[in-house]
file structure-v7.cif (mmCIF, C-alpha atoms)
data_upload
#
loop_
_atom_site.label_atom_id
_atom_site.label_comp_id
_atom_site.auth_asym_id
_atom_site.auth_seq_id
_atom_site.Cartn_x
_atom_site.Cartn_y
_atom_site.Cartn_z
CA MET A 233 18.58 -40.14 -8.89
CA LEU A 234 18.34 -42.08 -5.61
CA ASP A 235 21.47 -44.08 -6.40
CA LYS A 236 23.38 -40.78 -6.34
CA ILE A 237 22.22 -40.03 -2.79
CA CYS A 238 25.09 -41.13 -0.55
CA SER A 239 24.24 -39.72 2.89
CA VAL A 240 21.51 -38.35 5.11
CA GLU A 241 23.01 -34.90 4.50
CA ASP A 242 22.29 -35.32 0.77
CA PHE A 243 18.62 -35.89 1.59
CA ARG A 244 18.61 -32.91 3.92
CA ALA A 245 19.76 -30.61 1.12
CA LEU A 246 17.16 -32.04 -1.26
CA ALA A 247 14.32 -31.81 1.29
CA ARG A 248 15.15 -28.16 1.86
CA LYS A 249 14.52 -27.53 -1.83
CA ARG A 250 11.31 -29.56 -2.07
CA VAL A 251 9.47 -28.93 1.23
CA PRO A 252 7.90 -25.53 2.04
CA ARG A 253 10.07 -23.63 4.48
CA MET A 254 7.60 -23.71 7.38
CA PHE A 255 7.50 -27.52 7.38
CA TYR A 256 11.18 -28.02 6.64
CA ASP A 257 12.01 -25.65 9.51
CA TYR A 258 9.60 -27.48 11.81
CA ALA A 259 11.57 -30.71 11.38
CA ASP A 260 15.03 -29.17 11.24
CA ALA A 261 14.88 -26.58 14.03
CA GLY A 262 15.70 -26.69 17.72
CA SER A 263 14.49 -24.47 20.54
CA TRP A 264 15.91 -21.05 21.42
CA THR A 265 19.59 -20.90 20.38
CA GLU A 266 19.51 -24.52 19.12
CA SER A 267 22.63 -25.30 21.19
CA THR A 268 21.32 -28.70 22.34
CA TYR A 269 20.18 -29.59 18.84
CA HIS A 270 23.71 -29.03 17.53
CA ARG A 271 25.35 -30.59 20.61
CA ASN A 272 23.55 -33.86 19.87
CA THR A 273 25.35 -34.27 16.55
CA ARG A 274 28.61 -32.65 17.63
CA ASP A 275 29.18 -35.01 20.55
CA PHE A 276 28.82 -38.06 18.32
CA ARG A 277 31.73 -36.73 16.27
CA SER A 278 33.90 -36.67 19.39
CA ILE A 279 33.72 -40.46 19.76
CA HIS A 280 36.39 -42.35 17.82
CA PHE A 281 36.59 -45.95 16.62
CA ARG A 282 39.47 -48.38 17.01
CA GLN A 283 40.47 -49.51 13.53
CA ARG A 284 41.28 -53.23 13.54
CA VAL A 285 42.87 -55.43 10.83
CA GLY A 286 43.69 -59.08 10.29
CA ILE A 287 40.25 -60.25 11.46
CA ASP A 288 37.75 -62.35 9.50
CA ILE A 289 34.87 -59.95 8.89
CA THR A 290 32.79 -61.97 6.43
CA ASN A 291 29.11 -62.70 7.09
CA ARG A 292 28.51 -59.57 9.16
CA THR A 293 25.01 -59.15 10.56
CA THR A 294 23.14 -56.11 11.84
CA MET A 295 20.13 -58.19 12.91
CA THR A 296 19.07 -58.02 16.54
CA THR A 297 15.97 -57.54 18.72
CA LEU A 298 14.39 -54.28 19.84
CA ALA A 299 11.54 -54.15 22.34
CA GLY A 300 11.15 -57.89 21.89
CA GLU A 301 10.89 -57.69 18.09
CA ASN A 302 13.28 -59.11 15.53
CA VAL A 303 14.74 -56.22 13.51
CA THR A 304 17.17 -55.96 10.60
CA MET A 305 19.19 -53.37 12.51
CA PRO A 306 18.86 -51.71 15.95
CA VAL A 307 16.98 -48.70 14.60
CA ALA A 308 13.36 -47.54 14.87
CA LEU A 309 11.61 -44.59 13.21
CA ALA A 310 10.90 -42.06 15.95
CA PRO A 311 7.51 -40.36 16.36
CA VAL A 312 7.48 -37.11 14.38
CA GLY A 313 4.52 -34.74 14.47
CA ILE A 314 2.89 -33.59 11.22
CA ALA A 315 5.12 -35.86 9.12
CA GLY A 316 2.26 -35.84 6.62
CA MET A 317 3.16 -32.24 5.82
CA GLN A 318 6.69 -33.17 4.80
CA HIS A 319 5.15 -35.28 2.05
CA ALA A 320 1.54 -36.16 1.29
CA ASP A 321 0.42 -39.18 3.37
CA GLY A 322 3.85 -39.07 4.99
CA GLU A 323 3.14 -41.31 7.97
CA ILE A 324 1.65 -44.03 5.76
CA LEU A 325 4.67 -43.92 3.43
CA ALA A 326 7.19 -44.01 6.28
CA ALA A 327 5.35 -46.87 8.00
CA ARG A 328 5.34 -48.91 4.80
CA ALA A 329 9.05 -48.29 4.25
CA ALA A 330 9.89 -49.31 7.82
CA GLU A 331 7.75 -52.44 7.61
CA ALA A 332 9.36 -53.54 4.34
CA PHE A 333 12.82 -52.90 5.77
CA GLY A 334 12.12 -54.80 8.97
CA ILE A 335 12.28 -52.09 11.64
CA PRO A 336 9.61 -50.45 13.86
CA PHE A 337 7.70 -47.32 12.91
CA THR A 338 6.29 -45.07 15.66
CA LEU A 339 3.17 -43.01 14.92
CA SER A 340 2.88 -39.65 16.69
CA THR A 341 -0.28 -38.56 18.47
CA LEU A 342 -0.04 -35.36 16.40
CA SER A 343 0.25 -37.12 13.04
CA ILE A 344 -1.56 -36.09 9.89
CA CYS A 345 -2.53 -39.65 8.98
CA SER A 346 -4.64 -41.26 11.68
CA ILE A 347 -4.00 -44.50 13.55
CA GLU A 348 -6.63 -46.16 11.39
CA ASP A 349 -5.09 -44.74 8.17
CA VAL A 350 -1.71 -46.27 8.94
CA ALA A 351 -3.20 -49.58 10.07
CA THR A 352 -5.17 -49.85 6.82
CA HIS A 353 -2.04 -49.40 4.71
CA THR A 354 0.31 -51.69 6.67
CA SER A 355 0.18 -55.38 7.54
CA LYS A 356 2.30 -55.55 10.71
CA PRO A 357 1.83 -53.83 14.09
CA PHE A 358 3.44 -50.42 14.43
CA TRP A 359 4.24 -48.52 17.62
CA PHE A 360 2.07 -45.66 18.89
CA GLN A 361 3.33 -42.58 20.73
CA LEU A 362 1.20 -40.83 23.35
CA TYR A 363 1.57 -37.35 24.81
CA ILE A 364 0.43 -36.57 28.33
CA LEU A 365 -2.76 -34.57 27.70
CA LYS A 366 -5.21 -32.89 30.06
CA ASP A 367 -8.18 -34.58 28.41
CA ARG A 368 -7.79 -38.04 29.95
CA SER A 369 -10.92 -39.38 28.27
CA PHE A 370 -9.45 -38.50 24.87
CA SER A 371 -6.14 -40.11 25.86
CA GLU A 372 -7.99 -43.25 26.91
CA ARG A 373 -9.79 -43.38 23.57
CA LEU A 374 -6.46 -42.98 21.77
CA LEU A 375 -5.13 -46.01 23.66
CA GLU A 376 -8.23 -47.99 22.77
CA ARG A 377 -7.93 -47.02 19.10
CA ALA A 378 -4.24 -47.96 19.05
CA MET A 379 -4.98 -51.37 20.55
CA ALA A 380 -7.86 -51.90 18.11
CA ALA A 381 -5.47 -51.10 15.24
CA GLY A 382 -3.11 -53.83 16.42
CA CYS A 383 -0.46 -51.65 18.09
CA LYS A 384 1.37 -53.68 20.71
CA THR A 385 4.02 -51.19 21.88
CA LEU A 386 3.29 -47.78 23.40
CA VAL A 387 5.81 -44.92 23.56
CA VAL A 388 4.93 -42.26 26.14
CA THR A 389 6.70 -38.91 25.67
CA LEU A 390 7.34 -37.21 29.01
CA ASP A 391 9.29 -34.11 28.00
CA LEU A 392 6.49 -32.15 26.35
CA THR A 393 4.32 -31.08 29.26
CA LEU A 394 5.32 -27.55 28.23
CA LEU A 395 6.01 -26.57 24.64
CA GLY A 396 9.56 -25.36 24.04
CA GLN A 397 9.90 -22.12 22.13
CA ARG A 398 11.06 -22.69 18.57
CA HIS A 399 11.69 -19.33 16.99
CA LYS A 400 11.37 -20.57 13.42
CA ASP A 401 7.89 -22.01 14.04
CA ILE A 402 6.72 -18.70 15.48
CA ARG A 403 8.13 -16.70 12.58
CA ASN A 404 6.64 -19.12 10.06
CA ASN A 405 3.21 -19.12 11.78
CA LEU A 406 3.26 -22.92 11.58
CA ARG A 407 -0.13 -24.61 11.05
CA ALA A 408 -1.45 -27.83 9.57
CA PRO A 409 -2.88 -27.24 7.08
CA PRO A 410 -1.09 -23.90 6.60
CA LYS A 411 -2.83 -20.55 6.57
CA ILE A 412 -2.62 -18.97 3.13
CA THR A 413 -0.68 -15.70 3.28
CA PRO A 414 1.59 -13.97 0.76
CA SER A 415 4.58 -15.61 2.47
CA THR A 416 3.16 -19.16 2.45
CA LEU A 417 1.81 -18.73 -1.06
CA LEU A 418 5.31 -17.92 -2.27
CA GLN A 419 6.63 -21.04 -0.55
CA PHE A 420 4.01 -23.20 -2.27
CA ILE A 421 4.45 -21.69 -5.71
CA THR A 422 8.15 -22.49 -5.58
CA ARG A 423 7.42 -26.11 -4.50
CA PRO A 424 4.91 -27.22 -7.17
CA ARG A 425 5.64 -30.94 -6.71
CA TRP A 426 4.79 -30.74 -3.00
CA CYS A 427 1.62 -28.78 -3.77
CA LEU A 428 0.35 -31.30 -6.31
CA GLU A 429 0.94 -34.19 -3.91
CA ILE A 430 -0.78 -32.44 -0.98
CA MET A 431 -3.72 -31.47 -3.19
CA GLY A 432 -4.04 -35.12 -4.18
CA THR A 433 -4.77 -36.32 -0.64
CA SER A 434 -7.56 -35.60 1.82
CA ARG A 435 -5.16 -35.95 4.77
CA ARG A 436 -4.11 -32.39 5.63
CA SER A 437 -4.92 -31.98 9.32
CA PHE A 438 -4.38 -33.88 12.59
CA GLY A 439 -6.02 -37.20 11.82
CA ASN A 440 -5.97 -38.52 15.38
CA VAL A 441 -7.76 -35.46 16.76
CA VAL A 442 -10.30 -34.04 14.28
CA GLY A 443 -13.58 -35.90 14.65
CA HIS A 444 -12.40 -37.76 17.73
CA THR A 445 -12.81 -35.21 20.50
CA LYS A 446 -15.50 -32.79 21.64
CA GLY A 447 -15.25 -29.16 20.63
CA VAL A 448 -12.88 -29.68 17.70
CA SER A 449 -14.89 -29.15 14.56
CA ASP A 450 -12.71 -26.80 12.55
CA LEU A 451 -9.11 -25.65 12.21
CA SER A 452 -9.40 -22.68 14.56
CA SER A 453 -10.82 -24.78 17.40
CA LEU A 454 -8.21 -27.47 16.73
CA ALA A 455 -5.34 -24.99 17.13
CA SER A 456 -6.67 -23.72 20.46
CA TRP A 457 -7.36 -27.26 21.67
CA ILE A 458 -3.79 -28.41 21.02
CA ALA A 459 -2.35 -25.29 22.72
CA GLU A 460 -4.36 -26.05 25.84
CA GLN A 461 -3.81 -29.81 26.01
CA PHE A 462 -0.19 -30.20 27.11
CA ASP A 463 -0.38 -30.95 30.83
CA ALA A 464 2.05 -29.15 33.13
CA THR A 465 0.55 -30.95 36.15
CA PHE A 466 1.98 -34.31 35.04
CA THR A 467 3.60 -36.46 37.72
CA TRP A 468 4.78 -40.06 37.80
CA LYS A 469 1.32 -41.07 39.08
CA ASP A 470 -0.06 -40.18 35.66
CA LEU A 471 2.26 -42.76 34.14
CA ASP A 472 0.71 -45.30 36.54
CA TRP A 473 -2.66 -44.35 34.99
CA ILE A 474 -1.35 -45.16 31.51
CA ARG A 475 0.35 -48.38 32.62
CA ALA A 476 -2.96 -49.61 34.04
CA ARG A 477 -4.63 -49.12 30.66
CA TRP A 478 -1.95 -50.58 28.40
CA ASN A 479 -1.25 -54.30 28.37
CA GLY A 480 1.70 -54.33 25.97
CA PRO A 481 5.30 -53.13 26.20
CA LEU A 482 5.60 -49.58 27.54
CA ILE A 483 8.47 -47.33 26.44
CA VAL A 484 9.08 -44.10 28.33
CA LYS A 485 10.74 -41.40 26.21
CA GLY A 486 12.42 -38.26 27.50
CA ILE A 487 14.78 -39.53 30.22
CA LEU A 488 17.91 -37.39 30.51
CA ASP A 489 18.81 -37.59 34.20
CA PRO A 490 19.80 -40.74 36.15
CA GLU A 491 17.51 -39.77 39.05
CA ASP A 492 14.48 -40.25 36.79
CA VAL A 493 15.40 -43.81 35.79
CA PRO A 494 14.17 -45.64 38.94
CA LYS A 495 10.99 -43.55 38.89
CA ALA A 496 10.25 -44.68 35.35
CA ILE A 497 10.93 -48.30 36.28
CA ASP A 498 8.69 -48.08 39.35
CA ALA A 499 5.92 -46.63 37.17
CA GLY A 500 6.01 -49.70 34.95
CA ALA A 501 8.31 -48.77 32.07
CA ASP A 502 9.66 -51.78 30.20
CA MET A 503 12.10 -49.63 28.22
CA ILE A 504 13.35 -46.07 28.43
CA VAL A 505 14.57 -43.69 25.73
CA VAL A 506 17.40 -41.30 26.50
CA SER A 507 16.03 -38.24 24.73
CA ASN A 508 16.09 -34.44 24.81
CA HIS A 509 13.38 -34.22 22.12
CA GLY A 510 15.99 -33.62 19.44
CA GLY A 511 17.01 -30.35 21.10
CA ARG A 512 13.47 -29.00 20.60
CA GLN A 513 12.54 -28.56 24.28
CA LEU A 514 15.14 -27.57 26.90
CA ASP A 515 17.88 -25.65 25.14
CA GLY A 516 21.09 -25.96 27.13
CA ALA A 517 20.44 -29.60 28.08
CA PRO A 518 23.27 -32.10 27.52
CA SER A 519 23.46 -34.28 24.45
CA THR A 520 21.84 -37.69 24.73
CA ILE A 521 25.01 -39.63 23.88
CA SER A 522 26.92 -37.84 26.67
CA VAL A 523 24.45 -38.93 29.38
CA LEU A 524 23.93 -42.46 28.05
CA PRO A 525 26.59 -44.05 30.31
CA SER A 526 25.06 -42.57 33.48
CA ILE A 527 21.55 -43.62 32.44
CA LEU A 528 22.75 -47.17 31.78
CA GLU A 529 24.38 -47.27 35.18
CA ALA A 530 21.15 -46.14 36.85
CA ALA A 531 19.10 -48.67 34.86
CA ASP A 532 21.40 -51.49 36.03
CA GLY A 533 20.06 -53.89 33.40
CA LYS A 534 16.47 -53.69 34.68
CA VAL A 535 15.11 -52.17 31.45
CA GLU A 536 16.22 -51.82 27.85
CA VAL A 537 17.82 -48.44 27.24
CA HIS A 538 17.28 -46.82 23.84
CA LEU A 539 18.53 -43.46 22.57
CA ASP A 540 17.53 -40.75 20.13
CA GLY A 541 18.95 -37.37 19.18
CA GLY A 542 21.75 -36.67 16.72
CA ILE A 543 21.71 -39.97 14.80
CA ARG A 544 22.64 -39.10 11.21
CA SER A 545 24.56 -42.19 10.06
CA GLY A 546 25.23 -45.86 10.58
CA GLN A 547 28.42 -44.86 12.38
CA ASP A 548 26.35 -42.93 14.94
CA VAL A 549 24.20 -46.04 15.41
CA LEU A 550 27.31 -48.14 16.07
CA LYS A 551 28.71 -45.63 18.57
CA ALA A 552 25.47 -45.67 20.57
CA ILE A 553 25.34 -49.47 20.56
CA ALA A 554 29.01 -49.68 21.55
CA LEU A 555 28.32 -47.43 24.54
CA GLY A 556 25.52 -49.74 25.66
CA ALA A 557 22.24 -48.64 24.03
CA LYS A 558 20.05 -51.52 22.90
CA GLY A 559 18.75 -49.49 19.96
CA VAL A 560 18.35 -45.99 18.56
CA TYR A 561 15.53 -43.95 17.02
CA ILE A 562 15.91 -41.70 14.00
CA GLY A 563 13.63 -38.72 13.40
CA ARG A 564 15.17 -35.99 11.27
CA ALA A 565 17.25 -38.53 9.31
CA TYR A 566 14.19 -40.26 7.87
CA ILE A 567 12.14 -37.06 7.64
CA TYR A 568 14.72 -35.60 5.24
CA GLY A 569 14.35 -38.68 3.03
CA LEU A 570 10.56 -38.51 3.27
CA GLY A 571 10.41 -34.82 2.35
CA ALA A 572 12.84 -35.29 -0.52
CA CYS A 573 11.48 -38.46 -2.15
CA GLY A 574 8.56 -39.92 -0.21
CA GLU A 575 8.54 -43.62 0.60
CA ALA A 576 11.52 -44.30 -1.65
CA GLY A 577 13.47 -41.63 0.22
CA VAL A 578 12.79 -43.30 3.57
CA THR A 579 13.83 -46.66 2.17
CA ARG A 580 17.03 -45.21 0.74
CA THR A 581 17.80 -43.53 4.08
CA LEU A 582 17.53 -46.89 5.84
CA GLU A 583 19.72 -48.53 3.20
CA ILE A 584 22.38 -45.86 3.68
CA ILE A 585 22.36 -46.23 7.47
CA GLN A 586 22.50 -50.03 7.37
CA ASN A 587 25.31 -49.99 4.80
CA GLU A 588 27.33 -47.52 6.88
CA LEU A 589 26.68 -49.64 9.97
CA ALA A 590 27.80 -52.90 8.33
CA LEU A 591 30.88 -51.33 6.71
CA THR A 592 32.02 -49.72 9.94
CA MET A 593 31.50 -52.97 11.83
CA GLY A 594 33.92 -54.62 9.43
CA MET A 595 36.52 -51.89 9.83
CA VAL A 596 36.47 -52.22 13.63
CA GLY A 597 36.65 -56.01 13.40
CA GLU A 598 33.07 -56.90 14.40
CA ARG A 599 30.80 -59.42 12.68
CA ASP A 600 27.76 -59.38 14.98
CA ILE A 601 26.01 -56.20 16.15
CA ASN A 602 25.00 -58.04 19.33
CA LYS A 603 28.66 -58.41 20.34
CA VAL A 604 29.68 -54.81 19.81
CA GLY A 605 30.90 -53.07 22.95
CA GLN A 606 33.16 -50.30 24.21
CA HIS A 607 36.17 -52.29 23.06
CA THR A 608 35.36 -51.01 19.54
CA LEU A 609 35.94 -47.39 20.64
CA VAL A 610 39.05 -45.40 21.52
CA SER A 611 38.93 -45.25 25.31
CA ASP A 612 40.11 -41.64 25.55
CA SER A 613 37.18 -40.47 23.41
CA VAL A 614 34.73 -42.38 25.62
CA GLN A 615 36.16 -40.70 28.70
CA LYS A 616 35.81 -37.32 26.99
CA ILE A 617 32.12 -37.99 26.38
CA ARG A 618 31.66 -38.88 30.05
CA CYS A 619 33.24 -35.55 31.00
CA PHE A 620 30.74 -33.54 28.92
CA THR A 621 28.11 -33.95 31.61
#
call {"tool": "encode", "arguments": {"input": "structure-v7.cif", "output": "structure tokens"}}
result
Amino acid sequence: MLDKICSVEDFRALARKRVPRMFYDYADAGSWTESTYHRNTRDFRSIHFRQRVGIDITNRTTMTTLAGENVTMPVALAPVGIAGMQHADGEILAARAAEAFGIPFTLSTLSICSIEDVATHTSKPFWFQLYILKDRSFSERLLERAMAAGCKTLVVTLDLTLLGQRHKDIRNNLRAPPKITPSTLLQFITRPRWCLEIMGTSRRSFGNVVGHTKGVSDLSSLASWIAEQFDATFTWKDLDWIRARWNGPLIVKGILDPEDVPKAIDAGADMIVVSNHGGRQLDGAPSTISVLPSILEAADGKVEVHLDGGIRSGQDVLKAIALGAKGVYIGRAYIYGLGACGEAGVTRTLEIIQNELALTMGMVGERDINKVGQHTLVSDSVQKIRCFT
């Protein structure tokens, strides 16, 4: 069946059939009206390539470096909370697929599989993502556990000091594991494959939290703990606190305004991610691809600039690289593959994206991803993107 899957959209349709609605909606939804979520993908479609001919395009390569690591293409798997509810042991499966493919995997603080779970089932270092939490002692222990597991790169998410309102999550009464109600029971009965897989694993709650912090001994206390932990008092000084406790590369995720770039650099960021949390936080914010040029200008080559939000194809990857991003992160794109077909689905997603990337490079006359630039794009479409902001 996998050889009949031709696009990320194919996996999205299949995941919708196989994953219970509450968890599919969690991954697929944006906040409020979802205008930013849809703007992320729409604005990519507004950028056009220059088709070139009569150029030797043999021996094309998508290989490059990302955060100092050699990668098969400039793509990393973004941190996605409760990925282990899209498919049993989801984070382990996605990490294995990424490792085999030769790209980074980023484990979320709010994952189902713990740091130690993923480390046990992989052989190369993965990245770890940290939220800014009120319980600094717990955060410090998370950093220590990540380092003990061999993680060398830390991704700090800055745009979740307040939780954006996602209507679908509220209506679905989202929990991990889910509360059994007539509505959820109907969802499970109609997804027997998902149920059997989830019943076959012991990993059904937040593996990085349960058993690792005071006062969280059951699911009810866990829910209240998470609701209280996002820290609205965060300032750039808190990033200094993290930088002092992390010796490896530090990636700051959630930059959307040029004025925040020098602050991130001064706080010790080695790389920044242009991100609006996939349209899941501030609805009405601009798309990430539209602000990328201004962020690059503010960075002035002092840090690597990465991007997430709206990446659904290898063509989207190429557009972001052509505009100046060093690499991109995919979240929903791989989550659809994971929910649809587990580890094999993630692998197939990466194959699709790399194939689209390599094919498009050939059609625009490029052989080396490291030499792609704005000359591969129609200039009028680039100017239109700049005008969006």
call {"tool": "closest_residue", "arguments": {"input": "structure-v7.cif", "among": "A:Leu488, A:Leu582, A:Leu342, A:Ala496", "to": "Arg475 of chain A", "atoms": "all atoms listed in the file"}}
result
A:Ala496
call {"tool": "resolve_selection", "arguments": {"input": "structure-v7.cif", "expression": "the PyMOL selection byres ((chain A and resi 303-309) around 9)", "output": "PDB file with C-alpha atoms, in the frame of the given file"}}
result
ATOM      1  CA  THR A 293      25.010 -59.150  10.560  1.00  0.00           C
ATOM      2  CA  THR A 294      23.140 -56.110  11.840  1.00  0.00           C
ATOM      3  CA  MET A 295      20.130 -58.190  12.910  1.00  0.00           C
ATOM      4  CA  THR A 296      19.070 -58.020  16.540  1.00  0.00           C
ATOM      5  CA  THR A 297      15.970 -57.540  18.720  1.00  0.00           C
ATOM      6  CA  LEU A 298      14.390 -54.280  19.840  1.00  0.00           C
ATOM      7  CA  GLU A 301      10.890 -57.690  18.090  1.00  0.00           C
ATOM      8  CA  ASN A 302      13.280 -59.110  15.530  1.00  0.00           C
ATOM      9  CA  ALA A 310      10.900 -42.060  15.950  1.00  0.00           C
ATOM     10  CA  PRO A 311       7.510 -40.360  16.360  1.00  0.00           C
ATOM     11  CA  VAL A 312       7.480 -37.110  14.380  1.00  0.00           C
ATOM     12  CA  ALA A 326       7.190 -44.010   6.280  1.00  0.00           C
ATOM     13  CA  ALA A 327       5.350 -46.870   8.000  1.00  0.00           C
ATOM     14  CA  ALA A 330       9.890 -49.310   7.820  1.00  0.00           C
ATOM     15  CA  PHE A 333      12.820 -52.900   5.770  1.00  0.00           C
ATOM     16  CA  GLY A 334      12.120 -54.800   8.970  1.00  0.00           C
ATOM     17  CA  ILE A 335      12.280 -52.090  11.640  1.00  0.00           C
ATOM     18  CA  PRO A 336       9.610 -50.450  13.860  1.00  0.00           C
ATOM     19  CA  PHE A 337       7.700 -47.320  12.910  1.00  0.00           C
ATOM     20  CA  THR A 338       6.290 -45.070  15.660  1.00  0.00           C
ATOM     21  CA  LEU A 339       3.170 -43.010  14.920  1.00  0.00           C
ATOM     22  CA  VAL A 549      24.200 -46.040  15.410  1.00  0.00           C
ATOM     23  CA  ILE A 553      25.340 -49.470  20.560  1.00  0.00           C
ATOM     24  CA  LYS A 558      20.050 -51.520  22.900  1.00  0.00           C
ATOM     25  CA  GLY A 559      18.750 -49.490  19.960  1.00  0.00           C
ATOM     26  CA  VAL A 560      18.350 -45.990  18.560  1.00  0.00           C
ATOM     27  CA  TYR A 561      15.530 -43.950  17.020  1.00  0.00           C
ATOM     28  CA  ILE A 562      15.910 -41.700  14.000  1.00  0.00           C
ATOM     29  CA  GLY A 563      13.630 -38.720  13.400  1.00  0.00           C
ATOM     30  CA  TYR A 566      14.190 -40.260   7.870  1.00  0.00           C
ATOM     31  CA  LEU A 582      17.530 -46.890   5.840  1.00  0.00           C
ATOM     32  CA  GLN A 586      22.500 -50.030   7.370  1.00  0.00           C
ATOM     33  CA  LEU A 589      26.680 -49.640   9.970  1.00  0.00           C
ATOM     34  CA  ILE A 601      26.010 -56.200  16.150  1.00  0.00           C
TER      35      ILE A 601
END
call {"tool": "residues_near_point", "arguments": {"input": "structure-v7.cif", "point": "(18.0, -34.6, 17.1)", "cutoff": "9 Å", "atoms": "all atoms listed in the file", "output": "compact mmCIF listing (two decimals) with C-alpha atoms, in the coordinates of the input"}}
result
# COMPACT_ATOMS: atom_id res chain seq x y z
CA ASP A 260 15.03 -29.17 11.24
CA GLY A 262 15.70 -26.69 17.72
CA THR A 268 21.32 -28.70 22.34
CA TYR A 269 20.18 -29.59 18.84
CA HIS A 270 23.71 -29.03 17.53
CA ASN A 272 23.55 -33.86 19.87
CA THR A 273 25.35 -34.27 16.55
CA SER A 507 16.03 -38.24 24.73
CA ASN A 508 16.09 -34.44 24.81
CA HIS A 509 13.38 -34.22 22.12
CA GLY A 510 15.99 -33.62 19.44
CA GLY A 511 17.01 -30.35 21.10
CA ARG A 512 13.47 -29.00 20.60
CA ASP A 540 17.53 -40.75 20.13
CA GLY A 541 18.95 -37.37 19.18
CA GLY A 542 21.75 -36.67 16.72
CA ILE A 543 21.71 -39.97 14.80
CA ARG A 544 22.64 -39.10 11.21
CA ILE A 562 15.91 -41.70 14.00
CA GLY A 563 13.63 -38.72 13.40
CA ARG A 564 15.17 -35.99 11.27
CA ALA A 565 17.25 -38.53 9.31
call {"tool": "resolve_selection", "arguments": {"input": "structure-v7.cif", "expression": "the PyMOL selection byres ((chain A and resi 463) around 7)", "output": "list in words"}}
result
Ile364, Leu365, Lys366, Thr393, Gln461, Phe462, Ala464, Thr465 and Phe466 of chain A
call {"tool": "atom_distance", "arguments": {"input": "structure-v7.cif", "atom1": "atom CA of Pro494 of chain A", "atom2": "atom CA of Val523 of chain A"}}
result
15.6 Å
